[in-house]
Protein chains: 2
Amino acid sequence: MNISVSLTDKNLFYMISFDNTMVDFKKRIEKIWAKVVEKNNIERLIVTGASNIYYLSGTDAASAAILSENGLLLISPRLEYLRAIEETHIGKVVAFVKGDVEVSEYEEIRRGELLDVIKDALAGLEPDRIGLVATSKDFKQKVEEKLGAQVKDATKDFTLVRRQKEDIEIKMMIMASRIAEQALRRAVDMLEPGITEAEVASEIIKFFVRRGHTFSFYPIVAFGEHSAHPHAKPSLKKLREGEFVKIDIGAKYNGYCSDITRTFVFGRASSRQKRLFNAVLRAQRESMNEIKSNIDAVKPYQTAYKILKEEGLAKYFNHGLGHGVGIDIHENPYLTYESKERLLTGDVVTVEPGVYLAGYGGIRIEDMVVVEENGYRLITLFDKEFEI
Amino acid sequence: MNISVSLTDKNLFYMISFDNTMVDFKKRIEKIWAKVVEKNNIERLIVTGASNIYYLSGTDAASAAILSENGLLLISPRLEYLRAIEETHIGKVVAFVKGDVEVSEYEEIRRGELLDVIKDALAGLEPDRIGLVATSKDFKQKVEEKLGAQVKDATKDFTLVRRQKEDIEIKMMIMASRIAEQALRRAVDMLEPGITEAEVASEIIKFFVRRGHTFSFYPIVAFGEHSAHPHAKPSLKKLREGEFVKIDIGAKYNGYCSDITRTFVFGRASSRQKRLFNAVLRAQRESMNEIKSNIDAVKPYQTAYKILKEEGLAKYFNHGLGHGVGIDIHENPYLTYESKERLLTGDVVTVEPGVYLAGYGGIRIEDMVVVEENGYRLITLFDKEFEI
């Protein structure tokens, strides 16, 4: 890896040099072959879900992909065909169309519905030699009705491979985080009495989009009592001195997400505001310190909860501690009271405790970390300043 | 209705006066009661799907709603509870949480998963007195497993009510369209050699968001050969003289979507560009002229296809003619070769033929119309100029 990050000044305008190493899709497919196809003793793997297909090929313009020893076949809707062939790094693309309509010379068309094309691509195989990665039970049932037989569900194995990020994926998320942090710095710099949440949100989105990136999710910018909504929508509310400013944003860079939250006070913080901020900061620090490979994912949640309980604030901590991040903004693993699994080396997760007091305001502080053998590596570098 | 639209100049900067009539949610629920609950001979209706819940209540912050003679119960995830109670115009909100965690004084909490709370709210009812509006088969199966019995699927009846727009909903979509048209005018005005697709897209989004609105879908801004992708993603490609400029955008106003596409040539159009543009324009005009209540939805598609076939372009028309628009950007009815249904008075649909020539460029022209008894009413007012 060759990333050099230098903080040129307090404004956090990073100089980033980034070698343009591409994802090695051939190697990635070999990994899937070993850890999903061979592991399940199958010959062909049907993959659905836009993010799963993007992971395999570099495009999300297909409705399904079929992996076999002949390679990767992407099956796209007709209107996405051209985008699929231009974006994919690997494999062959066909489009499907059901109606009796003319098609152009540049399209490779299969007549029928998606399920017809999938069935044709599986002809001659025993059902127990077919695996499926699906994002819904509905689709699995439809495939099985079409084939007249049950197929093997390989979704868990595929998800497990996707969780453990490659170096290049971590690089992408570092870049996505730097972009979000730059936008956040710009947002902080533009704060002044009377500016609206919507104006700040619009500048953040513009910052991402004009550079050719996009966003992981719709920005949250909440002033004053609006910050008591964990997922506030930017409104025309104007900023006043002494109010909370909660900003939760993420950029998407080359298909990979980032996610950062900071909460500030615009001006001088009251002692109550400081007490809340310091409690959340401590909950974040101590829960993050738990993170390493092989611990129960519930443990950091429990630590954050315990610290907020000591402060009498646990009842205002109304969501989980964090979630996996990658091609999807929310993916496995989840760090909540319900988590039953363990963290793995290569997981990228958020750590984001928060407290929300209706009619008063809320505070959340969120960073992204990579889970490592004996600890974690912090992706998010933005300061945890409070009064601005 | 009290909308006055005056075109002050060619720049289409509308003066809009708009009376702030609110949606009458009580009346809307009475309509659902008559056309869904009573029609299906049920006592309680479980409604899922964010847009369906928004339609009933004015908030999409709940995971499910239950309509009974006692009124509307909204069941929200805990972190959306505060937003749900602030946004809803009607009914009562409860939040659900499964874990053994403390909750605050301002939350009304039910312990358990969503399905537990739904089951409790249906206690004592015979299963054939329970109806369900669901966006997936998965959810229906889960409900039925939880209740140990089959429930009535009321999704089609609910969808049918949502299709036939009320006057206030049409007003919202007119406003959403005016906002999109203003943004489009601004985008056209900023075109100059060297500007990128991403810069134009970022200004369009900023235009929506800073005014407190949002967007119906991610903007499509495509120059030159990129316009051959029906769903191009804005890139860092720079504009050159004589290139196509295809812009497809939509604003979301008070929860209602708009959708407009225009294709221009930046500078002087070639005779080939003009021929393509005029063919698509004629296909749009003649297919739109078919639109009225009670015709087969496939008919306008067939008309557009026939005209493009006369021009030798049918093979490049690689998508449907249009789709319904409302709270969702794509909803029933669809105007494609597969359409089996009829148009209804109050449907709002797009009419958007297009042709796409790989490596050269593509043209799409899209307007929104309201289906009326004896024709249609045009929502989109933006000029169909070509050379800019």
# chains A, B, ... in the order shown; residues from 1 in each chain; ligands from 1

$ residues_around --residues "region 302-315 of chain B" --least-positions-apart "4" --cutoff "12 Å" --atoms "only C-alpha atoms" --output "ChimeraX atom specification"
/A:78,99-107,109 /B:275-291,296-298,319-322,335-339,351-358,362-363

$ write_last_selection --atoms "N, CA and C atoms" --output "compact mmCIF listing (two decimals), in the first residue's frame"
# COMPACT_ATOMS: atom_id res chain seq x y z
N ARG A 78 -32.04 -4.88 -20.47
CA ARG A 78 -31.60 -4.36 -21.76
C ARG A 78 -31.09 -2.92 -21.64
N GLY A 99 -40.22 -9.24 -24.71
CA GLY A 99 -41.18 -8.91 -25.75
C GLY A 99 -40.68 -9.20 -27.15
N ASP A 100 -41.60 -9.19 -28.09
CA ASP A 100 -41.26 -9.41 -29.50
C ASP A 100 -40.90 -8.05 -30.10
N VAL A 101 -39.70 -7.57 -29.75
CA VAL A 101 -39.27 -6.25 -30.22
C VAL A 101 -37.93 -6.39 -30.93
N GLU A 102 -37.68 -5.47 -31.85
CA GLU A 102 -36.40 -5.47 -32.56
C GLU A 102 -35.27 -5.09 -31.61
N VAL A 103 -34.10 -5.66 -31.84
CA VAL A 103 -32.94 -5.29 -31.02
C VAL A 103 -31.81 -4.83 -31.93
N SER A 104 -30.89 -4.09 -31.38
CA SER A 104 -29.84 -3.47 -32.21
C SER A 104 -28.69 -4.43 -32.45
N GLU A 105 -27.81 -4.01 -33.36
CA GLU A 105 -26.67 -4.82 -33.76
C GLU A 105 -25.62 -4.92 -32.64
N TYR A 106 -25.64 -4.00 -31.69
CA TYR A 106 -24.58 -4.03 -30.68
C TYR A 106 -24.96 -4.79 -29.41
N GLU A 107 -26.19 -5.28 -29.35
CA GLU A 107 -26.62 -5.99 -28.15
C GLU A 107 -26.52 -7.50 -28.34
N ILE A 109 -28.47 -10.48 -27.07
CA ILE A 109 -29.78 -10.59 -26.41
C ILE A 109 -30.16 -12.05 -26.21
N ARG B 275 -32.44 14.46 -37.12
CA ARG B 275 -33.35 13.40 -37.54
C ARG B 275 -33.75 12.54 -36.33
N LEU B 276 -32.77 12.18 -35.51
CA LEU B 276 -33.04 11.38 -34.32
C LEU B 276 -33.97 12.13 -33.36
N PHE B 277 -33.66 13.40 -33.12
CA PHE B 277 -34.46 14.21 -32.20
C PHE B 277 -35.91 14.29 -32.67
N ASN B 278 -36.08 14.59 -33.96
CA ASN B 278 -37.45 14.75 -34.46
C ASN B 278 -38.24 13.44 -34.42
N ALA B 279 -37.55 12.33 -34.62
CA ALA B 279 -38.23 11.03 -34.54
C ALA B 279 -38.73 10.76 -33.12
N VAL B 280 -37.85 11.03 -32.14
CA VAL B 280 -38.25 10.79 -30.74
C VAL B 280 -39.36 11.75 -30.34
N LEU B 281 -39.25 13.00 -30.81
CA LEU B 281 -40.28 14.00 -30.48
C LEU B 281 -41.64 13.58 -31.05
N ARG B 282 -41.62 13.07 -32.28
CA ARG B 282 -42.88 12.63 -32.90
C ARG B 282 -43.44 11.40 -32.17
N ALA B 283 -42.55 10.49 -31.79
CA ALA B 283 -42.99 9.30 -31.04
C ALA B 283 -43.62 9.73 -29.72
N GLN B 284 -43.03 10.74 -29.09
CA GLN B 284 -43.58 11.20 -27.81
C GLN B 284 -44.94 11.85 -28.03
N ARG B 285 -45.03 12.73 -29.01
CA ARG B 285 -46.26 13.48 -29.24
C ARG B 285 -47.40 12.52 -29.57
N GLU B 286 -47.14 11.60 -30.48
CA GLU B 286 -48.24 10.73 -30.92
C GLU B 286 -48.63 9.71 -29.86
N SER B 287 -47.67 9.21 -29.09
CA SER B 287 -48.04 8.27 -28.02
C SER B 287 -48.78 9.01 -26.91
N MET B 288 -48.37 10.23 -26.63
CA MET B 288 -49.05 11.00 -25.59
C MET B 288 -50.50 11.30 -25.98
N ASN B 289 -50.69 11.52 -27.26
CA ASN B 289 -52.04 11.81 -27.74
C ASN B 289 -53.01 10.65 -27.55
N GLU B 290 -52.49 9.45 -27.37
CA GLU B 290 -53.35 8.28 -27.11
C GLU B 290 -53.90 8.29 -25.70
N ILE B 291 -53.22 9.01 -24.81
CA ILE B 291 -53.49 8.81 -23.39
C ILE B 291 -54.83 9.36 -22.96
N ASP B 296 -55.90 0.61 -22.95
CA ASP B 296 -54.87 -0.34 -22.53
C ASP B 296 -53.53 0.39 -22.41
N ALA B 297 -52.84 0.16 -21.30
CA ALA B 297 -51.57 0.86 -21.06
C ALA B 297 -50.52 0.49 -22.11
N VAL B 298 -50.71 -0.63 -22.79
CA VAL B 298 -49.74 -1.04 -23.81
C VAL B 298 -49.86 -0.20 -25.09
N HIS B 319 -36.21 0.46 -23.95
CA HIS B 319 -36.90 0.44 -22.64
C HIS B 319 -38.38 0.71 -22.84
N GLY B 320 -39.12 0.74 -21.74
CA GLY B 320 -40.55 1.01 -21.82
C GLY B 320 -40.84 2.46 -22.18
N LEU B 321 -42.12 2.77 -22.38
CA LEU B 321 -42.49 4.14 -22.73
C LEU B 321 -42.66 5.02 -21.49
N GLY B 322 -43.06 4.42 -20.37
CA GLY B 322 -43.28 5.25 -19.19
C GLY B 322 -43.68 4.44 -17.98
N LEU B 335 -46.08 1.53 -18.62
CA LEU B 335 -46.45 1.59 -20.05
C LEU B 335 -45.35 0.88 -20.85
N THR B 336 -45.43 -0.44 -20.92
CA THR B 336 -44.41 -1.21 -21.63
C THR B 336 -45.08 -2.24 -22.54
N TYR B 337 -44.24 -2.99 -23.27
CA TYR B 337 -44.81 -4.05 -24.13
C TYR B 337 -45.48 -5.14 -23.32
N GLU B 338 -45.19 -5.19 -22.03
CA GLU B 338 -45.76 -6.24 -21.18
C GLU B 338 -47.04 -5.79 -20.46
N SER B 339 -47.40 -4.50 -20.56
CA SER B 339 -48.53 -3.99 -19.77
C SER B 339 -49.81 -4.74 -20.10
N VAL B 351 -44.19 9.90 -20.08
CA VAL B 351 -44.15 9.47 -21.48
C VAL B 351 -42.75 9.82 -21.96
N GLU B 352 -41.93 8.78 -22.21
CA GLU B 352 -40.50 9.02 -22.40
C GLU B 352 -39.84 8.06 -23.38
N PRO B 353 -40.20 8.18 -24.66
CA PRO B 353 -39.51 7.36 -25.65
C PRO B 353 -38.04 7.79 -25.75
N GLY B 354 -37.19 6.88 -26.21
CA GLY B 354 -35.78 7.21 -26.37
C GLY B 354 -35.13 6.27 -27.36
N VAL B 355 -34.07 6.73 -28.01
CA VAL B 355 -33.26 5.86 -28.87
C VAL B 355 -31.80 6.05 -28.47
N TYR B 356 -31.04 4.95 -28.52
CA TYR B 356 -29.68 4.93 -27.97
C TYR B 356 -28.76 4.21 -28.94
N LEU B 357 -27.78 4.94 -29.49
CA LEU B 357 -26.86 4.36 -30.47
C LEU B 357 -25.48 4.26 -29.84
N ALA B 358 -25.05 3.04 -29.57
CA ALA B 358 -23.77 2.83 -28.87
C ALA B 358 -22.64 3.55 -29.58
N GLY B 362 -27.50 9.18 -27.42
CA GLY B 362 -28.90 8.80 -27.25
C GLY B 362 -29.75 10.01 -26.96
N ILE B 363 -31.03 9.86 -27.27
CA ILE B 363 -32.00 10.94 -27.07
C ILE B 363 -33.20 10.39 -26.34

$ interface_residues --of "chain B" --to "chain A" --cutoff "6 Å" --atoms "only C-alpha atoms" --output "list in words"
Leu79, Glu102, Val103, Ser104, Asp138, Ala198, Glu199, Ser202, Lys206, Val209, Arg210, Gly212, Ser235, Leu236, Lys315, Tyr316, Asn318 and His319 of chain B

$ residues_around --residues "Thr380 (chain A)" --least-positions-apart "4" --cutoff "8 Å" --atoms "only C-alpha atoms" --output "JSON, numbers by chain"
{"A": [174, 177, 178, 181, 260, 367, 368, 369]}

$ residues_around --residues "region 43-53 of chain B" --least-positions-apart "3" --cutoff "9 Å" --atoms "only C-alpha atoms" --output "VMD selection string"
chain B and resid 36 to 38 40 56 to 69 74 118 122 125 129 to 136 139 154 to 155 158 to 159 162 255 327 to 328

$ atom_distance --atom1 "CA of Arg185 (chain B)" --atom2 "CA of Gly324 (chain B)"
24.4 Å

$ closest_residue --among "B:Gln164, B:Ser293, B:Ser227, B:Asn374" --to "Arg262 (chain B)" --atoms "only C-alpha atoms"
B:Ser227

$ residues_around --residues "region 264-274 of chain B" --least-positions-apart "4" --cutoff "7 Å" --atoms "only C-alpha atoms" --output "list of chain:residue names"
B:Glu241, B:Gly242, B:Glu243, B:Phe244, B:Val245, B:Lys246, B:Asn278, B:Phe386, B:Glu387, B:Ile388

$ select_by_dssp --residues "region 22-225 of chain B" --states "helix (DSSP H, G or I)" --output "count of residues only"
103
